[in-house]
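As provided, entry38.pdb (PDB, C-alpha atoms and all ligand atoms) reads as follows.
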```pdb
ATOM      1  CA  MET F   1      82.080  51.990 141.432
ATOM      2  CA  ARG F   2      81.620  53.887 138.178
ATOM      3  CA  ASP F   3      78.549  53.307 136.052
ATOM      4  CA  PRO F   4      79.067  52.437 132.391
ATOM      5  CA  ILE F   5      78.421  55.174 129.837
ATOM      6  CA  LEU F   6      76.756  52.530 127.752
ATOM      7  CA  GLU F   7      75.801  48.931 128.161
ATOM      8  CA  MET F   8      74.600  46.410 125.597
ATOM      9  CA  THR F   9      73.162  43.041 126.598
ATOM     10  CA  GLY F  10      72.285  40.249 124.169
ATOM     11  CA  ILE F  11      72.204  42.556 121.149
ATOM     12  CA  THR F  12      71.307  40.931 117.828
ATOM     13  CA  LYS F  13      70.910  42.421 114.369
ATOM     14  CA  VAL F  14      69.381  40.612 111.434
ATOM     15  CA  PHE F  15      69.230  42.185 107.975
ATOM     16  CA  SER F  16      66.334  40.599 106.099
ATOM     17  CA  THR F  17      65.842  40.633 102.369
ATOM     18  CA  GLU F  18      63.455  38.539 100.270
ATOM     19  CA  GLU F  19      66.258  36.075  99.503
ATOM     20  CA  MET F  20      67.952  35.733 102.880
ATOM     21  CA  ASP F  21      68.464  36.795 106.481
ATOM     22  CA  THR F  22      71.952  38.007 107.419
ATOM     23  CA  HIS F  23      72.725  37.641 111.112
ATOM     24  CA  ALA F  24      75.203  40.499 111.480
ATOM     25  CA  LEU F  25      75.250  40.424 115.301
ATOM     26  CA  ARG F  26      74.429  37.294 117.320
ATOM     27  CA  GLY F  27      74.139  38.298 120.971
ATOM     28  CA  VAL F  28      76.710  40.952 121.851
ATOM     29  CA  ASP F  29      77.354  42.035 125.452
ATOM     30  CA  LEU F  30      79.422  45.188 125.858
ATOM     31  CA  ALA F  31      79.945  47.794 128.550
ATOM     32  CA  ILE F  32      81.995  50.963 128.070
ATOM     33  CA  TYR F  33      83.122  53.025 131.057
ATOM     34  CA  PRO F  34      84.147  56.679 131.332
ATOM     35  CA  GLY F  35      87.736  57.139 130.138
ATOM     36  CA  ASP F  36      87.897  53.797 128.266
ATOM     37  CA  PHE F  37      89.688  53.424 124.953
ATOM     38  CA  VAL F  38      88.094  50.260 123.595
ATOM     39  CA  SER F  39      89.090  48.703 120.289
ATOM     40  CA  ILE F  40      86.926  46.113 118.564
ATOM     41  CA  CYS F  41      88.949  44.183 116.037
ATOM     42  CA  GLY F  42      87.769  41.576 113.569
ATOM     43  CA  PRO F  43      87.869  40.582 109.902
ATOM     44  CA  SER F  44      85.857  42.259 107.170
ATOM     45  CA  GLY F  45      82.155  41.381 107.409
ATOM     46  CA  CYS F  46      82.188  40.271 111.081
ATOM     47  CA  GLY F  47      79.740  43.018 112.118
ATOM     48  CA  LYS F  48      81.973  45.885 113.278
ATOM     49  CA  SER F  49      80.244  48.705 111.401
ATOM     50  CA  THR F  50      76.837  47.282 112.280
ATOM     51  CA  LEU F  51      77.786  47.291 115.958
ATOM     52  CA  LEU F  52      79.052  50.862 115.713
ATOM     53  CA  SER F  53      75.868  52.098 114.046
ATOM     54  CA  LEU F  54      73.804  50.509 116.834
ATOM     55  CA  LEU F  55      76.097  52.057 119.467
ATOM     56  CA  GLY F  56      75.646  55.420 117.765
ATOM     57  CA  LEU F  57      71.857  55.091 117.446
ATOM     58  CA  LEU F  58      72.070  55.223 113.668
ATOM     59  CA  ASP F  59      70.145  51.935 113.557
ATOM     60  CA  THR F  60      68.060  49.815 115.958
ATOM     61  CA  PRO F  61      68.846  46.270 117.148
ATOM     62  CA  SER F  62      66.630  43.301 116.273
ATOM     63  CA  SER F  63      66.681  42.260 119.938
ATOM     64  CA  GLY F  64      68.553  42.914 123.167
ATOM     65  CA  ARG F  65      68.916  45.792 125.585
ATOM     66  CA  TYR F  66      70.949  48.932 125.040
ATOM     67  CA  ALA F  67      71.290  51.637 127.684
ATOM     68  CA  ILE F  68      73.161  54.945 127.604
ATOM     69  CA  ASP F  69      73.689  56.498 131.029
ATOM     70  CA  ASN F  70      71.340  53.783 132.359
ATOM     71  CA  ILE F  71      68.477  54.906 130.105
ATOM     72  CA  ASP F  72      67.089  52.289 127.692
ATOM     73  CA  VAL F  73      67.652  53.639 124.189
ATOM     74  CA  SER F  74      66.941  50.496 122.157
ATOM     75  CA  LYS F  75      63.379  51.514 121.311
ATOM     76  CA  LEU F  76      63.591  55.284 120.864
ATOM     77  CA  THR F  77      61.720  56.998 118.055
ATOM     78  CA  PRO F  78      64.052  58.248 115.296
ATOM     79  CA  ALA F  79      63.627  61.842 116.538
ATOM     80  CA  ALA F  80      64.438  60.951 120.152
ATOM     81  CA  ALA F  81      67.431  58.881 119.002
ATOM     82  CA  ALA F  82      68.687  61.855 116.994
ATOM     83  CA  THR F  83      68.513  64.090 120.066
ATOM     84  CA  VAL F  84      70.533  61.645 122.200
ATOM     85  CA  ARG F  85      72.993  61.140 119.335
ATOM     86  CA  ASN F  86      73.565  64.861 118.813
ATOM     87  CA  GLU F  87      74.149  65.511 122.484
ATOM     88  CA  LYS F  88      76.233  62.519 123.501
ATOM     89  CA  ILE F  89      78.029  60.974 120.550
ATOM     90  CA  GLY F  90      80.728  62.025 118.067
ATOM     91  CA  PHE F  91      81.486  59.963 114.955
ATOM     92  CA  ILE F  92      84.672  59.499 112.967
ATOM     93  CA  PHE F  93      84.424  57.419 109.778
ATOM     94  CA  GLN F  94      86.928  55.873 107.397
ATOM     95  CA  SER F  95      85.629  58.018 104.532
ATOM     96  CA  PHE F  96      85.678  61.293 106.561
ATOM     97  CA  ASN F  97      82.069  62.117 105.468
ATOM     98  CA  LEU F  98      82.742  65.842 105.134
ATOM     99  CA  ILE F  99      80.472  67.986 102.970
ATOM    100  CA  ASP F 100      82.432  69.292  99.987
ATOM    101  CA  GLU F 101      80.072  72.243  99.403
ATOM    102  CA  LEU F 102      80.835  73.637 102.887
ATOM    103  CA  SER F 103      84.027  75.246 104.183
ATOM    104  CA  VAL F 104      86.070  73.535 106.885
ATOM    105  CA  PHE F 105      84.561  75.993 109.379
ATOM    106  CA  ASP F 106      80.966  75.242 108.360
ATOM    107  CA  ASN F 107      81.571  71.474 108.369
ATOM    108  CA  ILE F 108      82.743  71.638 111.967
ATOM    109  CA  ALA F 109      79.969  74.037 113.003
ATOM    110  CA  LEU F 110      77.279  71.723 111.596
ATOM    111  CA  PRO F 111      76.711  69.564 114.718
ATOM    112  CA  LEU F 112      76.189  72.741 116.770
ATOM    113  CA  ARG F 113      73.302  73.767 114.514
ATOM    114  CA  TYR F 114      71.417  70.564 115.355
ATOM    115  CA  ARG F 115      71.619  70.999 119.096
ATOM    116  CA  ARG F 116      68.521  71.662 121.169
ATOM    117  CA  VAL F 117      70.319  74.382 123.105
ATOM    118  CA  LYS F 118      71.634  76.822 120.502
ATOM    119  CA  LEU F 119      74.839  78.781 120.976
ATOM    120  CA  SER F 120      75.352  82.393 119.929
ATOM    121  CA  ASN F 121      77.384  82.845 116.737
ATOM    122  CA  ALA F 122      80.354  84.081 118.785
ATOM    123  CA  GLU F 123      80.205  81.060 121.126
ATOM    124  CA  ALA F 124      79.906  78.664 118.186
ATOM    125  CA  ARG F 125      82.829  80.347 116.432
ATOM    126  CA  GLU F 126      85.003  80.029 119.525
ATOM    127  CA  LYS F 127      84.236  76.323 119.913
ATOM    128  CA  VAL F 128      84.928  75.613 116.227
ATOM    129  CA  MET F 129      88.230  77.504 116.336
ATOM    130  CA  GLN F 130      89.294  75.737 119.551
ATOM    131  CA  CYS F 131      88.780  72.344 117.898
ATOM    132  CA  LEU F 132      90.565  73.460 114.732
ATOM    133  CA  HIS F 133      93.558  74.680 116.771
ATOM    134  CA  LYS F 134      93.628  71.405 118.680
ATOM    135  CA  MET F 135      93.871  69.531 115.365
ATOM    136  CA  GLY F 136      96.485  71.912 113.933
ATOM    137  CA  MET F 137      94.108  72.919 111.136
ATOM    138  CA  ALA F 138      93.264  76.555 111.980
ATOM    139  CA  HIS F 139      95.171  77.734 108.884
ATOM    140  CA  ARG F 140      92.704  75.862 106.662
ATOM    141  CA  VAL F 141      89.477  77.255 108.110
ATOM    142  CA  SER F 142      88.154  78.651 104.798
ATOM    143  CA  HIS F 143      89.238  75.749 102.590
ATOM    144  CA  ARG F 144      86.839  73.207 101.138
ATOM    145  CA  PRO F 145      87.426  69.554 102.138
ATOM    146  CA  ASN F 146      88.395  68.578  98.575
ATOM    147  CA  GLN F 147      91.281  71.075  98.755
ATOM    148  CA  LEU F 148      92.818  69.131 101.659
ATOM    149  CA  SER F 149      94.901  65.949 101.874
ATOM    150  CA  GLY F 150      93.348  62.786 103.333
ATOM    151  CA  GLY F 151      95.177  63.256 106.627
ATOM    152  CA  GLN F 152      93.968  66.861 106.853
ATOM    153  CA  GLN F 153      90.392  65.831 106.054
ATOM    154  CA  GLN F 154      90.455  63.279 108.855
ATOM    155  CA  ARG F 155      91.706  65.975 111.278
ATOM    156  CA  VAL F 156      88.779  68.173 110.241
ATOM    157  CA  ALA F 157      86.420  65.214 110.731
ATOM    158  CA  ILE F 158      87.854  64.686 114.228
ATOM    159  CA  ALA F 159      87.356  68.391 115.006
ATOM    160  CA  ARG F 160      83.738  68.053 113.855
ATOM    161  CA  ALA F 161      83.254  65.021 116.104
ATOM    162  CA  LEU F 162      84.652  66.915 119.096
ATOM    163  CA  VAL F 163      82.851  70.230 118.711
ATOM    164  CA  SER F 164      79.774  69.263 120.710
ATOM    165  CA  GLU F 165      81.931  67.757 123.489
ATOM    166  CA  PRO F 166      80.461  64.254 123.192
ATOM    167  CA  VAL F 167      80.640  61.788 126.091
ATOM    168  CA  LEU F 168      81.636  59.091 123.611
ATOM    169  CA  LEU F 169      83.605  59.052 120.356
ATOM    170  CA  LEU F 170      82.694  56.231 117.953
ATOM    171  CA  VAL F 171      85.397  55.572 115.405
ATOM    172  CA  ASP F 172      85.051  53.278 112.364
ATOM    173  CA  GLU F 173      88.321  52.288 110.638
ATOM    174  CA  PRO F 174      89.769  55.809 111.057
ATOM    175  CA  THR F 175      92.982  55.012 109.187
ATOM    176  CA  GLY F 176      91.464  52.961 106.357
ATOM    177  CA  ASN F 177      91.851  55.689 103.719
ATOM    178  CA  LEU F 178      95.208  56.994 104.956
ATOM    179  CA  ASP F 179      98.847  56.085 104.328
ATOM    180  CA  SER F 180     100.708  54.704 107.325
ATOM    181  CA  ARG F 181     102.247  58.061 108.316
ATOM    182  CA  ASN F 182      98.865  59.818 108.407
ATOM    183  CA  GLY F 183      97.255  56.741 109.951
ATOM    184  CA  ASP F 184      99.786  56.775 112.781
ATOM    185  CA  ALA F 185      99.201  60.533 113.250
ATOM    186  CA  VAL F 186      95.442  60.023 113.559
ATOM    187  CA  MET F 187      96.002  57.256 116.106
ATOM    188  CA  ASP F 188      98.295  59.589 118.093
ATOM    189  CA  ILE F 189      95.493  62.171 118.136
ATOM    190  CA  LEU F 190      92.990  59.583 119.392
ATOM    191  CA  ARG F 191      95.374  58.450 122.131
ATOM    192  CA  GLU F 192      96.002  62.051 123.162
ATOM    193  CA  LEU F 193      92.245  62.730 123.329
ATOM    194  CA  ASN F 194      91.803  59.631 125.464
ATOM    195  CA  ASN F 195      94.654  60.723 127.759
ATOM    196  CA  HIS F 196      92.679  63.904 128.328
ATOM    197  CA  GLY F 197      89.550  61.975 129.265
ATOM    198  CA  THR F 198      87.617  61.375 126.021
ATOM    199  CA  THR F 199      85.975  57.943 125.980
ATOM    200  CA  ILE F 200      86.575  56.163 122.675
ATOM    201  CA  CYS F 201      85.204  53.036 121.016
ATOM    202  CA  MET F 202      87.047  52.232 117.784
ATOM    203  CA  VAL F 203      86.472  49.380 115.361
ATOM    204  CA  THR F 204      89.232  48.266 113.023
ATOM    205  CA  HIS F 205      90.394  45.233 111.095
ATOM    206  CA  ASP F 206      94.027  46.306 111.713
ATOM    207  CA  PRO F 207      95.460  44.502 114.781
ATOM    208  CA  ARG F 208      98.335  46.984 115.002
ATOM    209  CA  TYR F 209      95.956  49.870 115.649
ATOM    210  CA  ALA F 210      93.665  47.741 117.834
ATOM    211  CA  ASP F 211      96.675  47.123 120.105
ATOM    212  CA  MET F 212      96.916  50.845 120.840
ATOM    213  CA  ALA F 213      93.666  50.791 122.825
ATOM    214  CA  SER F 214      93.533  50.113 126.550
ATOM    215  CA  ARG F 215      90.827  47.424 126.175
ATOM    216  CA  LYS F 216      90.902  45.092 123.181
ATOM    217  CA  LEU F 217      87.833  43.124 122.122
ATOM    218  CA  HIS F 218      87.495  40.688 119.235
ATOM    219  CA  LEU F 219      84.426  40.239 117.075
ATOM    220  CA  LEU F 220      83.998  37.183 114.858
ATOM    221  CA  ASP F 221      80.849  36.254 112.905
ATOM    222  CA  GLY F 222      78.757  38.677 114.940
ATOM    223  CA  LYS F 223      79.934  37.460 118.358
ATOM    224  CA  MET F 224      82.482  38.718 120.857
ATOM    225  CA  LEU F 225      85.210  36.063 120.845
ATOM    226  CA  ASP F 226      86.406  35.983 124.426
ATOM    227  CA  ALA F 227      86.058  37.704 127.771
ATOM    228  CA  ASP F 228      87.587  41.148 127.942
ATOM    229  CA  ALA F 229      90.838  40.168 129.617
ATOM    230  CA  ASP F 230      92.060  43.747 129.800
ATOM    231  CA  ALA F 231      89.057  45.169 131.644
ATOM    232  CA  PRO F 232      89.870  46.028 135.240
ATOM    233  CA  THR F 233      88.544  43.158 137.372
ATOM    234  CA  SER F 234      86.455  45.625 139.333
ATOM    235  CA  TYR F 235      84.012  45.920 136.473
ATOM    236  CA  GLN F 236      84.133  42.818 134.336
ATOM    237  CA  THR F 237      80.770  41.878 132.884
ATOM    238  CA  GLN F 238      79.448  38.487 133.986
ATOM    239  CA  PRO F 239      77.633  36.183 131.526
ATOM    240  CA  GLY F 240      74.154  37.317 132.601
ATOM    241  CA  GLY F 241      74.987  40.947 132.034
ATOM    242  CA  THR F 242      75.381  41.678 135.754
ATOM    243  CA  ILE F 243      78.407  43.562 136.942
ATOM    244  CA  SER F 244      80.737  42.171 139.562
ATOM    245  CA  VAL F 245      82.565  44.403 142.025
TER     246      VAL F 245
HETATM  247  P1  LIG S 301      82.366  44.919 109.050
HETATM  248  O1  LIG S 301      82.189  46.371 109.367
HETATM  249  O2  LIG S 301      82.935  44.126 110.176
HETATM  250  O3  LIG S 301      83.125  44.697 107.780
HETATM  251  P2  LIG S 301      79.473  44.969 108.642
HETATM  252  O4  LIG S 301      78.944  45.316 109.984
HETATM  253  O5  LIG S 301      79.520  46.052 107.637
HETATM  254  O6  LIG S 301      80.908  44.275 108.809
HETATM  255  O7  LIG S 301      78.596  43.771 108.054
HETATM  256  C1  LIG S 301      78.286  42.587 108.779
HETATM  257  C2  LIG S 301      77.434  41.666 107.909
HETATM  258  O8  LIG S 301      76.145  42.248 107.725
HETATM  259  C3  LIG S 301      77.995  41.446 106.521
HETATM  260  O9  LIG S 301      77.707  40.119 106.146
HETATM  261  C4  LIG S 301      77.229  42.426 105.674
HETATM  262  O10 LIG S 301      77.142  41.978 104.334
HETATM  263  C5  LIG S 301      75.880  42.455 106.346
HETATM  264  N1  LIG S 301      75.198  43.752 106.222
HETATM  265  C6  LIG S 301      75.629  44.938 106.711
HETATM  266  N2  LIG S 301      74.742  45.926 106.446
HETATM  267  C7  LIG S 301      73.725  45.336 105.755
HETATM  268  C8  LIG S 301      72.488  45.812 105.197
HETATM  269  N3  LIG S 301      72.120  47.093 105.292
HETATM  270  N4  LIG S 301      71.698  44.906 104.577
HETATM  271  C9  LIG S 301      72.045  43.604 104.480
HETATM  272  N5  LIG S 301      73.179  43.082 104.990
HETATM  273  C10 LIG S 301      74.017  43.935 105.618
HETATM  274 MG    MG S 302      83.030  48.099 108.440
END
```
Go through the file and emit its structure as structure tokens.
Amino acid sequence: MRDPILEMTGITKVFSTEEMDTHALRGVDLAIYPGDFVSICGPSGCGKSTLLSLLGLLDTPSSGRYAIDNIDVSKLTPAAAATVRNEKIGFIFQSFNLIDELSVFDNIALPLRYRRVKLSNAEAREKVMQCLHKMGMAHRVSHRPNQLSGGQQQRVAIARALVSEPVLLLVDEPTGNLDSRNGDAVMDILRELNNHGTTICMVTHDPRYADMASRKLHLLDGKMLDADADAPTSYQTQPGGTISV
């Protein structure tokens, strides 16, 4: 049986201020397997972005266990978390998060500069151009992001997420700033990537896009609503976090 790429058990996240505690996640169990396309759907404020930033090691849980490739990553130092993040995870955000001062080429090359194992300039250039070709954006390599349409910017952001060949793509409301034509095009790209083996976890409040995933999960008030009915029975997670065969 395959091992999960990542596994969360009993994850909670509380944001504390002087006035109040916000329980953004209240005990989330989640396992993602190689080749999955998981969507996590839920209304605004239910904890989707919080969950994604924990999955991507951008933040730490208040309690619970989180393992990537069977290694506990819930208590890594910020530097160690950054290393795991750079090597294993690609991010795609609603707001693209491209750097306007850099060309399309340099935006995509950025993740390669943070890697422990550096590539030669020629190797880096080839990888960047491959990703740009894949996204149909090679003709815009010298443009700045603010010279591109929203749909084009999201393609560049996807190329940037792919350039370090991550084991997992984390996607937060990828169509939120796009019209429906560009939104549908971005979803087609994600499905195509998944067909070629990229593992994807996407959060969205849009049920139409959530339906395009192969496993659909629902988050409400910081909790997963129901068992993952679409997961193959060979690896459904049991209530204690153990895996049945
Ligand atoms: P979603 O992405 O589903 O809209 P979020 O994960 O952004 O929801 O937020 C979940 C809850 O946690 C919300 O009530 C939100 O106000 C709260 N929250 C998120 N981030 C913070 C933060 N940094 N400080 C305090 N509360 C936060
Ligand atoms: Mg959000």
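From CA of Lys134 (chain F) back to CA of Asn97 (chain F), the distance works out to 19.9 Å.
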Residues within 9 Å of region 135-138 of chain F, only C-alpha atoms, excluding chain neighbours under 4 positions, as a PDB file with C-alpha atoms, in the frame of the given file:
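Produced file out07.pdb, reproduced below:
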```pdb
ATOM      1  CA  MET F 129      88.230  77.504 116.336  1.00  0.00           C
ATOM      2  CA  GLN F 130      89.294  75.737 119.551  1.00  0.00           C
ATOM      3  CA  CYS F 131      88.780  72.344 117.898  1.00  0.00           C
ATOM      4  CA  GLN F 152      93.968  66.861 106.853  1.00  0.00           C
ATOM      5  CA  ARG F 155      91.706  65.975 111.278  1.00  0.00           C
ATOM      6  CA  VAL F 156      88.779  68.173 110.241  1.00  0.00           C
ATOM      7  CA  ILE F 158      87.854  64.686 114.228  1.00  0.00           C
ATOM      8  CA  ALA F 159      87.356  68.391 115.006  1.00  0.00           C
ATOM      9  CA  ILE F 189      95.493  62.171 118.136  1.00  0.00           C
TER      10      ILE F 189
END
```
Within 12 Å of ligand MG 302 (chain S), which residues of chain F come that close, and what is the closest atom pair and distance in Å for each? Count only C-alpha atoms and all ligand atoms and give it as a tab-separated table.
```
residue	atom	partner	partner_atom	distance
F:Ala24	CA	S:MG302	MG	11.3
F:Ile40	CA	S:MG302	MG	11.0
F:Cys41	CA	S:MG302	MG	10.4
F:Gly42	CA	S:MG302	MG	9.6
F:Pro43	CA	S:MG302	MG	9.1
F:Ser44	CA	S:MG302	MG	6.6
F:Gly45	CA	S:MG302	MG	6.9
F:Cys46	CA	S:MG302	MG	8.3
F:Gly47	CA	S:MG302	MG	7.1
F:Lys48	CA	S:MG302	MG	5.4
F:Ser49	CA	S:MG302	MG	4.1
F:Thr50	CA	S:MG302	MG	7.3
F:Leu51	CA	S:MG302	MG	9.2
F:Leu52	CA	S:MG302	MG	8.7
F:Ser53	CA	S:MG302	MG	9.9
F:Phe93	CA	S:MG302	MG	9.5
F:Gln94	CA	S:MG302	MG	8.8
F:Ser95	CA	S:MG302	MG	11.0
F:Val171	CA	S:MG302	MG	10.5
F:Asp172	CA	S:MG302	MG	6.8
F:Glu173	CA	S:MG302	MG	7.1
F:Pro174	CA	S:MG302	MG	10.6
F:Gly176	CA	S:MG302	MG	10.0
F:Met202	CA	S:MG302	MG	11.0
F:Val203	CA	S:MG302	MG	7.8
F:Thr204	CA	S:MG302	MG	7.7
F:His205	CA	S:MG302	MG	8.3
F:Asp206	CA	S:MG302	MG	11.6
F:Leu219	CA	S:MG302	MG	11.8
```
From CA of Ile99 (chain F) to CA of Gln147 (chain F) the spacing works out at 12.0 Å
Report as a ChimeraX atom specification all protein, DNA and RNA residues lying within 8 Å of Leu57 (chain F), evaluated on only C-alpha atoms, omitting residues in the same chain fewer than 4 positions from it. /F:53,81-82,85
Centre and edges of the ligand LIG 301 (chain S) box, axis-aligned, 8 Å extra per side, as lines of an AutoDock Vina configuration file:
```
center_x = 77.4
center_y = 43.6
center_z = 107.3
size_x = 27.4
size_y = 23.0
size_z = 21.8
```
Which residue of F:Phe15, F:Phe96, F:Tyr66, F:Phe105 approaches ligand LIG 301 (chain S) most closely, using all atoms listed in the file: F:Phe15
